[in-house]
>>> print(open('data37.txt').read())   # compact mmCIF, C-alpha atoms
# COMPACT_ATOMS: atom_id res chain seq x y z
CA MET V 225 33.19 2.82 -12.70
CA ARG V 226 30.78 5.69 -12.68
CA HIS V 227 28.70 3.89 -15.28
CA THR V 228 28.41 0.80 -13.04
CA ASN V 229 27.26 2.89 -10.10
CA GLN V 230 24.60 4.46 -12.20
CA GLU V 231 23.43 1.05 -13.34
CA ASN V 232 23.22 -0.22 -9.76
CA GLN V 233 21.16 2.77 -8.84
CA LEU V 234 18.78 2.10 -11.68
CA THR V 235 18.35 -1.51 -10.60
CA SER V 236 17.56 -0.59 -7.01
CA GLU V 237 15.19 2.10 -8.28
CA GLN V 238 13.29 -0.54 -10.25
CA ASP V 239 13.33 -2.79 -7.17
CA TYR V 240 11.40 -0.28 -5.11
CA ILE V 241 8.72 -0.15 -7.75
CA ARG V 242 8.86 -3.93 -8.19
CA GLN V 243 8.33 -4.51 -4.45
CA ASP V 244 4.98 -2.84 -4.95
CA GLY V 245 3.96 -5.04 -7.90
CA PHE V 246 4.55 -2.17 -10.36
CA ASP V 247 1.17 -0.74 -9.36
CA GLY V 248 0.33 2.15 -11.64
CA SER V 249 3.95 2.23 -12.78
CA ASN V 250 5.43 4.30 -15.57
CA GLN V 251 7.18 2.06 -18.10
CA GLN V 252 7.96 4.80 -20.62
CA LYS V 253 11.65 5.34 -21.38
CA ASN V 254 11.25 8.89 -22.63
CA PRO V 255 11.09 11.31 -19.68
CA GLU V 256 8.00 13.53 -19.51
CA GLY V 257 7.67 17.09 -18.31
CA PHE V 258 4.76 19.14 -17.02
CA VAL V 259 3.10 19.72 -20.39
CA SER V 260 3.39 16.07 -21.41
CA ASN V 261 1.87 15.02 -18.08
CA LEU V 262 -1.21 17.18 -18.75
CA LYS V 263 -2.47 14.35 -21.01
CA TYR V 264 -3.02 12.25 -17.91
CA LEU V 265 -4.86 15.08 -16.20
CA ILE V 266 -7.31 15.17 -19.11
CA VAL V 267 -7.80 11.38 -19.01
CA GLY V 268 -8.35 11.77 -15.24
CA VAL V 269 -11.03 14.44 -15.80
CA LEU V 270 -12.99 12.16 -18.16
CA PHE V 271 -12.53 9.26 -15.78
CA GLY V 272 -13.73 11.34 -12.80
CA ILE V 273 -16.84 12.40 -14.73
CA VAL V 274 -17.69 8.73 -15.44
CA PHE V 275 -17.12 7.88 -11.76
CA VAL V 276 -19.64 10.45 -10.59
CA LYS V 277 -22.20 10.12 -13.41
CA ALA V 278 -22.36 6.33 -12.98
CA GLU V 279 -22.58 6.88 -9.18
CA ILE V 280 -19.62 4.57 -8.56
CA VAL V 281 -18.50 7.12 -5.96
CA SER V 282 -21.71 6.55 -4.01
CA TRP V 283 -21.52 4.86 -0.62
CA PHE V 284 -24.99 3.46 -1.37
CA ARG V 285 -23.89 1.72 -4.60
CA ILE V 286 -21.06 0.01 -2.70
CA GLN V 287 -23.55 -1.12 -0.05
CA GLU V 288 -25.85 -2.52 -2.77
CA MET V 289 -22.88 -4.46 -4.12
CA PHE V 290 -21.82 -5.96 -0.79
CA ARG V 291 -25.45 -6.90 -0.08
CA PHE V 292 -25.99 -8.47 -3.55
CA GLN V 293 -28.99 -6.18 -4.06
CA SER V 294 -28.07 -4.52 -7.35
CA PHE V 295 -26.23 -5.59 -10.48
CA HIS V 296 -24.88 -2.07 -11.17
CA MET V 297 -21.38 -2.33 -9.65
CA TYR V 298 -20.87 -5.90 -10.86
CA GLY V 299 -21.85 -4.76 -14.35
CA VAL V 300 -19.44 -1.79 -14.21
CA ILE V 301 -16.45 -3.77 -12.95
CA GLY V 302 -17.21 -6.83 -15.12
CA SER V 303 -17.58 -4.90 -18.37
CA ALA V 304 -14.52 -2.74 -17.51
CA VAL V 305 -12.40 -5.89 -17.08
CA LEU V 306 -13.78 -7.36 -20.33
CA VAL V 307 -13.02 -4.22 -22.35
CA GLY V 308 -9.58 -3.95 -20.69
CA LEU V 309 -8.85 -7.59 -21.45
CA LEU V 310 -9.84 -7.28 -25.13
CA SER V 311 -7.79 -4.07 -25.49
CA VAL V 312 -4.67 -5.61 -23.94
CA GLN V 313 -5.02 -8.63 -26.26
CA ILE V 314 -5.37 -6.34 -29.29
CA ILE V 315 -2.32 -4.31 -28.23
CA LYS V 316 -0.26 -7.48 -27.74
CA ARG V 317 -1.37 -9.34 -30.91
CA LEU V 318 -1.06 -6.33 -33.22
CA ASN V 319 2.11 -5.25 -31.43
CA LEU V 320 0.73 -1.69 -31.16
CA ARG V 321 3.17 1.00 -30.08
CA THR V 322 2.74 4.04 -27.86
CA ILE V 323 2.42 7.51 -29.38
CA ASP V 324 6.17 7.84 -28.64
CA HIS V 325 6.76 4.67 -30.74
CA GLU V 326 7.80 2.63 -27.73
CA GLU V 327 6.88 -1.01 -27.28
CA VAL V 328 3.99 -1.39 -24.82
CA HIS V 329 5.24 -3.04 -21.65
CA ILE V 330 2.98 -4.37 -18.89
CA PRO V 331 4.89 -5.77 -15.89
CA GLU V 332 3.75 -9.12 -14.44
CA LYS V 333 2.38 -9.27 -10.89
CA THR V 334 4.05 -11.65 -8.46
CA PHE V 335 2.10 -13.24 -5.65
CA ASN V 336 2.74 -12.46 -2.01
CA LYS V 337 0.55 -12.89 1.08
CA GLY V 338 0.05 -9.14 1.25
CA GLN V 339 -2.49 -9.48 -1.53
CA ILE V 340 -4.63 -11.52 0.89
CA TYR V 341 -4.01 -9.68 4.20
CA GLY V 342 -3.88 -6.23 2.66
CA GLY V 343 -6.78 -7.10 0.38
CA LEU V 344 -9.00 -8.05 3.32
CA LEU V 345 -8.09 -4.84 5.20
CA PHE V 346 -8.78 -2.70 2.13
CA GLY V 347 -12.12 -4.53 1.64
CA ILE V 348 -13.19 -3.54 5.15
CA GLY V 349 -12.16 0.05 4.48
CA TRP V 350 -13.97 0.00 1.12
CA ALA V 351 -17.26 -0.96 2.80
CA ILE V 352 -16.84 1.64 5.58
CA THR V 353 -15.88 4.61 3.39
CA GLY V 354 -17.79 3.49 0.28
CA ALA V 355 -14.70 4.38 -1.71
CA CYS V 356 -11.58 2.95 -3.24
CA PRO V 357 -8.72 5.43 -3.76
CA GLY V 358 -10.05 6.72 -7.13
CA PRO V 359 -13.52 7.63 -5.88
CA LEU V 360 -11.96 9.34 -2.81
CA PHE V 361 -10.59 12.03 -5.15
CA ALA V 362 -13.86 12.24 -7.09
CA GLN V 363 -15.91 12.56 -3.88
CA ILE V 364 -13.79 15.49 -2.74
CA GLY V 365 -14.27 17.13 -6.15
CA SER V 366 -18.01 16.51 -5.80
CA GLY V 367 -18.03 18.72 -2.72
CA PHE V 368 -17.99 16.08 0.04
CA LEU V 369 -15.32 18.01 1.90
CA ALA V 370 -15.31 15.69 4.93
CA VAL V 371 -13.74 13.07 2.64
CA ALA V 372 -10.55 15.16 2.68
CA VAL V 373 -10.10 13.69 6.17
CA THR V 374 -10.50 10.19 4.68
CA LEU V 375 -7.87 10.96 2.05
CA LEU V 376 -5.40 12.32 4.63
CA SER V 377 -5.99 9.23 6.72
CA ALA V 378 -5.46 6.99 3.68
CA ILE V 379 -2.12 8.75 3.07
CA ALA V 380 -1.26 8.14 6.73
CA GLY V 381 -2.22 4.47 6.27
CA THR V 382 0.06 4.16 3.24
CA TRP V 383 2.87 5.83 5.20
CA THR V 384 2.37 3.47 8.16
CA TYR V 385 2.57 0.51 5.79
CA GLY V 386 5.88 1.83 4.47
CA LEU V 387 7.14 2.19 8.04
CA LEU V 388 6.11 -1.33 9.15
CA ARG V 389 6.70 -3.07 5.82
CA SER V 390 9.72 -5.18 6.88
CA LYS V 391 7.85 -6.50 9.96
CA LEU V 392 4.68 -7.54 8.12
CA PRO V 393 4.16 -11.04 6.65
CA HIS V 394 4.46 -11.04 2.85
CA MET L 55 -28.30 17.09 -22.22
CA GLU L 56 -30.93 15.23 -20.23
CA LEU L 57 -29.22 11.94 -21.08
CA ILE L 58 -25.91 13.27 -19.77
CA GLN L 59 -27.49 14.62 -16.59
CA LYS L 60 -29.25 11.38 -15.69
CA PRO L 61 -27.19 8.65 -13.97
CA TRP L 62 -25.25 6.61 -16.55
CA PRO L 63 -25.99 2.86 -16.80
CA TRP L 64 -23.30 0.25 -16.10
CA TYR L 65 -22.99 -0.72 -19.78
CA ILE L 66 -21.84 2.81 -20.64
CA ALA L 67 -19.67 3.43 -17.58
CA GLY L 68 -17.97 0.01 -17.40
CA PRO L 69 -16.61 -0.01 -20.99
CA LEU L 70 -15.47 3.64 -20.63
CA ILE L 71 -13.53 2.71 -17.50
CA GLY L 72 -12.12 -0.35 -19.28
CA LEU L 73 -10.89 1.88 -22.12
CA THR L 74 -8.71 3.75 -19.62
CA VAL L 75 -6.40 0.70 -19.71
CA PRO L 76 -5.40 0.93 -23.42
CA ILE L 77 -5.55 4.75 -23.43
CA LEU L 78 -2.93 4.99 -20.65
CA LEU L 79 -0.79 2.26 -22.22
CA LEU L 80 -0.79 3.89 -25.66
CA LEU L 81 -0.40 7.47 -24.39
CA GLY L 82 2.77 6.66 -22.48
CA ASN L 83 3.24 3.06 -21.32
CA LYS L 84 1.40 3.66 -18.06
CA SER L 85 -0.17 0.79 -16.12
CA PHE L 86 -3.57 1.82 -14.80
CA GLY L 87 -3.50 2.11 -11.00
CA ILE L 88 -4.66 4.79 -8.59
CA SER L 89 -3.65 3.84 -5.04
CA SER L 90 0.00 4.25 -6.07
CA SER L 91 -0.68 8.01 -6.03
CA LEU L 92 -0.92 7.82 -2.21
CA ARG L 93 2.56 6.28 -2.11
CA HIS L 94 3.94 9.04 -4.35
CA ILE L 95 2.42 11.69 -2.06
CA CYS L 96 4.23 10.06 0.89
CA ALA L 97 7.47 9.90 -1.12
CA ALA L 98 7.15 13.57 -2.12
CA VAL L 99 6.00 15.06 1.18
CA ILE L 100 6.95 12.82 4.14
CA PRO L 101 9.55 10.23 3.05
CA ALA L 102 11.10 10.28 6.57
CA ASN L 103 14.07 8.19 5.40
CA ILE L 104 11.81 5.11 5.00
CA SER L 105 13.25 2.95 2.21
CA PHE L 106 9.78 2.24 0.73
CA PHE L 107 9.45 5.97 -0.02
CA LYS L 108 12.97 6.54 -1.34
CA TYR L 109 12.54 6.38 -5.09
CA ASP L 110 12.22 8.86 -7.92
CA TRP L 111 8.54 9.81 -7.44
CA LYS L 112 8.87 12.49 -10.12
CA LYS L 113 9.19 9.72 -12.70
CA GLU L 114 5.76 8.52 -11.53
CA ALA L 115 4.28 12.04 -11.48
CA TRP L 116 1.75 11.13 -14.20
CA ASN L 117 -0.21 9.38 -11.45
CA LEU L 118 -0.54 12.63 -9.49
CA PHE L 119 -1.76 14.47 -12.62
CA PHE L 120 -4.25 11.64 -13.14
CA VAL L 121 -5.77 11.92 -9.63
CA ALA L 122 -5.84 15.72 -9.87
CA GLY L 123 -7.88 15.18 -13.04
CA ILE L 124 -10.24 12.78 -11.24
CA THR L 125 -10.87 15.43 -8.59
CA LEU L 126 -11.59 18.03 -11.26
CA GLY L 127 -13.80 15.56 -13.16
CA GLY L 128 -15.80 14.95 -9.98
CA PHE L 129 -16.30 18.69 -9.67
CA ILE L 130 -17.45 19.10 -13.29
CA ALA L 131 -19.83 16.10 -13.12
CA THR L 132 -21.40 17.36 -9.91
CA PHE L 133 -21.69 21.07 -10.59
CA ALA L 134 -22.03 21.28 -14.41
CA LEU L 135 -23.73 17.98 -15.29
CA THR L 136 -25.92 17.86 -12.18
CA ASN L 137 -28.41 15.05 -11.77
CA PRO L 138 -31.69 16.86 -10.97
CA ASP L 139 -33.21 13.86 -9.17
CA HIS L 140 -32.51 12.08 -5.89
CA ILE L 141 -30.40 8.93 -6.10
CA VAL L 142 -32.39 5.71 -6.66
CA ILE L 143 -31.28 3.03 -4.20
CA ALA L 144 -32.33 -0.65 -4.29
CA PRO L 145 -35.32 -0.85 -1.88
CA ALA L 146 -33.82 -3.80 0.02
CA THR L 147 -30.57 -1.89 0.60
CA GLN L 148 -32.43 1.23 1.73
CA ALA L 149 -34.52 -0.84 4.14
CA ALA L 150 -31.42 -2.56 5.56
CA LEU L 151 -29.64 0.78 6.03
CA GLU L 152 -32.73 2.42 7.58
CA ASN L 153 -32.76 -0.47 9.99
CA LEU L 154 -29.16 0.36 10.95
CA GLY L 155 -30.10 4.00 11.55
CA VAL L 156 -29.23 5.78 8.27
CA THR L 157 -31.85 8.47 7.51
CA ASP L 158 -30.51 10.51 4.56
CA PHE L 159 -31.02 8.89 1.14
CA LYS L 160 -31.01 11.97 -1.12
CA GLY L 161 -27.43 12.24 -2.42
CA LEU L 162 -24.48 10.04 -3.29
CA MET L 163 -23.35 9.87 0.36
CA PRO L 164 -25.52 9.84 3.50
CA GLU L 165 -25.22 13.12 5.44
CA ASP L 166 -25.65 11.09 8.64
CA LEU L 167 -22.12 9.77 8.26
CA PHE L 168 -20.19 12.00 5.86
CA SER L 169 -21.05 15.58 6.79
CA VAL L 170 -18.34 18.02 7.85
CA GLN L 171 -20.02 18.35 11.27
CA ASN L 172 -19.24 14.68 11.95
CA ILE L 173 -15.47 15.01 11.54
CA PHE L 174 -14.75 15.33 15.26
CA SER L 175 -17.23 12.72 16.45
CA VAL L 176 -17.16 8.94 16.87
CA LYS L 177 -18.89 8.66 13.47
CA GLY L 178 -16.17 10.73 11.84
CA PHE L 179 -13.49 8.69 13.56
CA ILE L 180 -14.90 5.40 12.21
CA PHE L 181 -16.18 6.39 8.76
CA LEU L 182 -13.50 8.92 7.82
CA VAL L 183 -10.36 8.32 9.88
CA LEU L 184 -10.43 4.56 10.49
CA GLY L 185 -12.00 3.72 7.11
CA GLY L 186 -9.51 5.91 5.26
CA PHE L 187 -6.57 4.43 7.15
CA LEU L 188 -7.66 0.89 6.16
CA VAL L 189 -8.02 1.96 2.52
CA GLY L 190 -4.50 3.44 2.43
CA PHE L 191 -2.80 0.71 4.48
CA GLY L 192 -4.66 -2.18 2.85
CA THR L 193 -4.22 -1.12 -0.77
CA ARG L 194 -0.48 -0.62 -0.35
CA TYR L 195 -0.09 -3.90 1.55
CA ALA L 196 -1.99 -5.58 -1.30
CA GLY L 197 0.10 -3.72 -3.90
CA GLY L 198 -2.91 -2.15 -5.60
CA CYS L 199 -6.60 -1.35 -5.43
CA THR L 200 -9.68 -1.93 -7.53
CA SER L 201 -8.01 -0.20 -10.50
CA GLY L 202 -4.50 -1.68 -10.25
CA HIS L 203 -5.56 -5.25 -9.41
CA SER L 204 -9.24 -5.76 -10.27
CA ILE L 205 -9.17 -3.92 -13.59
CA MET L 206 -5.55 -3.60 -14.83
CA GLY L 207 -4.31 -6.87 -13.28
CA MET L 208 -7.28 -8.98 -14.29
CA ALA L 209 -7.34 -7.45 -17.79
CA ASN L 210 -3.75 -8.71 -18.12
CA LEU L 211 -4.77 -12.16 -16.73
CA GLN L 212 -2.60 -11.89 -13.61
CA TRP L 213 -3.76 -14.48 -11.08
CA PRO L 214 -2.33 -12.62 -8.04
CA SER L 215 -4.71 -9.80 -8.97
CA LEU L 216 -7.63 -12.24 -8.93
CA VAL L 217 -6.55 -13.35 -5.43
CA ALA L 218 -6.41 -9.69 -4.33
CA THR L 219 -9.85 -8.99 -5.82
CA ILE L 220 -11.38 -11.97 -3.99
CA ALA L 221 -9.80 -10.65 -0.76
CA PHE L 222 -11.23 -7.12 -1.41
CA MET L 223 -14.72 -8.58 -1.84
CA ALA L 224 -14.38 -10.92 1.17
CA GLY L 225 -13.31 -7.99 3.38
CA GLY L 226 -16.23 -5.90 2.15
CA PHE L 227 -18.80 -8.67 2.70
CA ALA L 228 -17.47 -9.38 6.19
CA CYS L 229 -17.52 -5.70 7.09
CA THR L 230 -21.04 -5.09 5.74
CA HIS L 231 -22.65 -8.16 7.28
CA LEU L 232 -20.66 -8.70 10.48
CA LEU L 233 -19.10 -5.35 11.48
CA PHE L 234 -21.81 -2.88 10.37
CA PRO L 235 -24.41 -4.11 12.91
CA LEU L 236 -21.81 -3.62 15.69
CA ILE L 237 -20.56 -0.25 14.41
CA PHE L 238 -24.07 1.22 14.00
CA GLN L 239 -25.08 -0.12 17.43
CA TRP L 240 -22.08 1.71 18.88
CA ILE L 241 -22.70 5.08 17.22
CA LYS L 242 -26.47 5.16 17.86
>>> encode(input="data37.txt", output="structure tokens")
Amino acid sequence: MRHTNQENQLTSEQDYIRQDGFDGSNQQKNPEGFVSNLKYLIVGVLFGIVFVKAEIVSWFRIQEMFRFQSFHMYGVIGSAVLVGLLSVQIIKRLNLRTIDHEEVHIPEKTFNKGQIYGGLLFGIGWAITGACPGPLFAQIGSGFLAVAVTLLSAIAGTWTYGLLRSKLPH
Amino acid sequence: MELIQKPWPWYIAGPLIGLTVPILLLLGNKSFGISSSLRHICAAVIPANISFFKYDWKKEAWNLFFVAGITLGGFIATFALTNPDHIVIAPATQAALENLGVTDFKGLMPEDLFSVQNIFSVKGFIFLVLGGFLVGFGTRYAGGCTSGHSIMGMANLQWPSLVATIAFMAGGFACTHLLFPLIFQWIK
């Protein structure tokens, strides 16, 4: 009996992550502690350095993109997708495993109307702030302290979505 | 050192960002995605009995380590690998923004809009509070942002992510070309 309960709990746990399209989800079976998680901090540091050095965190670069006046951002996103695509294909075809010898698992995305409505709203916010969520963190690290207000407001926006979720069209 | 200090071209930065996808997968079966960190912060700090925030956020803690790293990386890039020159902006973009009333073109962000002094003004309300709210609300409603959909999703050939990416771009174009003239008129 106890076993069944535990299983139900696991299913509903997965459901909450599934509702969100598994965005950024952890698919590793082995639990990780503080020290193990430091790997992702180091990847984040390298990633943040690229963000700032390639000026992806710049409000001006985002404006150039939305005005079709520079190739820079299109080149960054396009080549990132291409390299990501090739890597995922290599991982799948060669059946590469994680450093913990687990099978690599990438959940599928399912369509819902939120991707359109939410996508449009995020696009407006992207143009106004000149930042997607990643660059928000890098901008704060770069010393643009006013962006801390943007980040707090983005957290409030996420919270409001959670509150209104059942009433919104999906 | 000079090469590192100068702004990096797209063909260096793009592939490095793309490599984040396999690195995270092979390090620990993690799907690349950043906006999810905002959800985990809500779940950890202010879940308020909302079902969307009742899950084991500690299992997703890697995401919080990742964004802490991005913040630190931003600090290192800015204060240790400083670009000695002013930013170079496409002349047409600079002209269009000057026309709207932007005057500071030295750094990554215009001081006119993103200085600490602006926090409690109409400018701060629009560019920090309202803009940030839309980023947080919109990305969660869409189930991901530029990283989760445009890079991770498209790299895995997920068509819903292509739909989301088209919506991101459409929202940005509409805002830049239709809303910006109104917003800048208002804050003048």
>>> closest_residue(input="data37.txt", among="L:Phe174, L:Phe168, L:Trp240, L:Phe179", to="chain V", atoms="all atoms listed in the file")
L:Phe168
>>> residues_around(input="data37.txt", residues="Ile237 (chain L)", least_positions_apart="5", cutoff="12 Å", atoms="only C-alpha atoms", output="list in words")
Ile352 of chain V; Leu154, Gly155, Leu167, Val176, Lys177, Phe179, Ile180, Phe181, Leu184, Gly185, Cys229, Thr230, His231, Leu232 and Lys242 of chain L
>>> closest_residue(input="data37.txt", among="L:Val183, L:Val156, L:Ala221, L:Ile130", to="Ser366 (chain V)", atoms="only C-alpha atoms")
L:Ile130
>>> closest_residue(input="data37.txt", among="V:Pro393, V:Pro331, V:Gly268, V:Pro359", to="chain L", atoms="only C-alpha atoms")
V:Gly268
>>> residues_around(input="data37.txt", residues="Gly386 (chain V)", least_positions_apart="6", cutoff="8 Å", atoms="all atoms listed in the file", output="list of chain:residue names")
L:Ile104, L:Ser105, L:Phe106, L:Phe107
>>> closest_residue(input="data37.txt", among="L:Phe238, L:Trp213, L:Trp111, L:Trp64", to="chain V", atoms="only C-alpha atoms")
L:Trp64
>>> atom_distance(input="data37.txt", atom1="CA of Thr219 (chain L)", atom2="CA of Ser204 (chain L)")
5.5 Å
>>> closest_residue(input="data37.txt", among="L:Leu118, L:Ala97, L:Leu80, L:Ala228", to="chain V", atoms="all atoms listed in the file")
L:Leu80
>>> closest_residue(input="data37.txt", among="V:Ile280, V:Ile315, V:Leu345, V:Leu270", to="Tyr298 (chain V)", atoms="all atoms listed in the file")
V:Ile280
>>> residues_near_point(input="data37.txt", point="(5.6, 5.3, -9.0)", cutoff="7 Å", atoms="only C-alpha atoms", output="list in words")
Ile241, Gly248, Ser249 and Asn250 of chain V; Ser90, His94, Trp111, Lys113 and Glu114 of chain L
>>> residues_around(input="data37.txt", residues="Thr147 (chain L)", least_positions_apart="5", cutoff="12 Å", atoms="all atoms listed in the file", output="PyMOL selection string")
(chain V and resi 283-294) or (chain L and resi 142+152-154+156+159+230)
>>> atom_distance(input="data37.txt", atom1="CA of Ile88 (chain L)", atom2="CA of Thr193 (chain L)")
9.8 Å
>>> residues_near_point(input="data37.txt", point="(1.0, 0.9, -11.6)", cutoff="10 Å", atoms="all atoms listed in the file", output="JSON, numbers by chain")
{"V": [241, 242, 244, 245, 246, 247, 248, 249, 250, 251, 330, 331], "L": [84, 85, 86, 87, 88, 89, 90, 91, 114, 117, 197, 198, 201, 202, 203, 206, 207]}
>>> write_last_selection(input="data37.txt", atoms="C-alpha atoms", output="PDB file, in the frame of the given file")
ATOM      1  CA  ILE V 241       8.720  -0.150  -7.750  1.00  0.00           C
ATOM      2  CA  ARG V 242       8.860  -3.930  -8.190  1.00  0.00           C
ATOM      3  CA  ASP V 244       4.980  -2.840  -4.950  1.00  0.00           C
ATOM      4  CA  GLY V 245       3.960  -5.040  -7.900  1.00  0.00           C
ATOM      5  CA  PHE V 246       4.550  -2.170 -10.360  1.00  0.00           C
ATOM      6  CA  ASP V 247       1.170  -0.740  -9.360  1.00  0.00           C
ATOM      7  CA  GLY V 248       0.330   2.150 -11.640  1.00  0.00           C
ATOM      8  CA  SER V 249       3.950   2.230 -12.780  1.00  0.00           C
ATOM      9  CA  ASN V 250       5.430   4.300 -15.570  1.00  0.00           C
ATOM     10  CA  GLN V 251       7.180   2.060 -18.100  1.00  0.00           C
ATOM     11  CA  ILE V 330       2.980  -4.370 -18.890  1.00  0.00           C
ATOM     12  CA  PRO V 331       4.890  -5.770 -15.890  1.00  0.00           C
TER      13      PRO V 331
ATOM     14  CA  LYS L  84       1.400   3.660 -18.060  1.00  0.00           C
ATOM     15  CA  SER L  85      -0.170   0.790 -16.120  1.00  0.00           C
ATOM     16  CA  PHE L  86      -3.570   1.820 -14.800  1.00  0.00           C
ATOM     17  CA  GLY L  87      -3.500   2.110 -11.000  1.00  0.00           C
ATOM     18  CA  ILE L  88      -4.660   4.790  -8.590  1.00  0.00           C
ATOM     19  CA  SER L  89      -3.650   3.840  -5.040  1.00  0.00           C
ATOM     20  CA  SER L  90       0.000   4.250  -6.070  1.00  0.00           C
ATOM     21  CA  SER L  91      -0.680   8.010  -6.030  1.00  0.00           C
ATOM     22  CA  GLU L 114       5.760   8.520 -11.530  1.00  0.00           C
ATOM     23  CA  ASN L 117      -0.210   9.380 -11.450  1.00  0.00           C
ATOM     24  CA  GLY L 197       0.100  -3.720  -3.900  1.00  0.00           C
ATOM     25  CA  GLY L 198      -2.910  -2.150  -5.600  1.00  0.00           C
ATOM     26  CA  SER L 201      -8.010  -0.200 -10.500  1.00  0.00           C
ATOM     27  CA  GLY L 202      -4.500  -1.680 -10.250  1.00  0.00           C
ATOM     28  CA  HIS L 203      -5.560  -5.250  -9.410  1.00  0.00           C
ATOM     29  CA  MET L 206      -5.550  -3.600 -14.830  1.00  0.00           C
ATOM     30  CA  GLY L 207      -4.310  -6.870 -13.280  1.00  0.00           C
TER      31      GLY L 207
END
>>> atom_distance(input="data37.txt", atom1="CA of Gly354 (chain V)", atom2="CA of Phe222 (chain L)")
12.6 Å
>>> residues_around(input="data37.txt", residues="Leu126 (chain L)", least_positions_apart="4", cutoff="8 Å", atoms="only C-alpha atoms", output="JSON, numbers by chain")
{"V": [269, 272, 362, 365], "L": [122, 130]}
>>> axis_aligned_box(input="data37.txt", around="region 223-231 of chain L", padding_each_side="4 Å", output="JSON")
{"center_x": -18.0, "center_y": -8.0, "center_z": 2.7, "size_x": 17.3, "size_y": 13.8, "size_z": 17.1}
>>> residues_around(input="data37.txt", residues="Ile273 (chain V)", least_positions_apart="3", cutoff="6 Å", atoms="all atoms listed in the file", output="number ranges by chain")
V: 270, 276-277; L: 127-128, 131
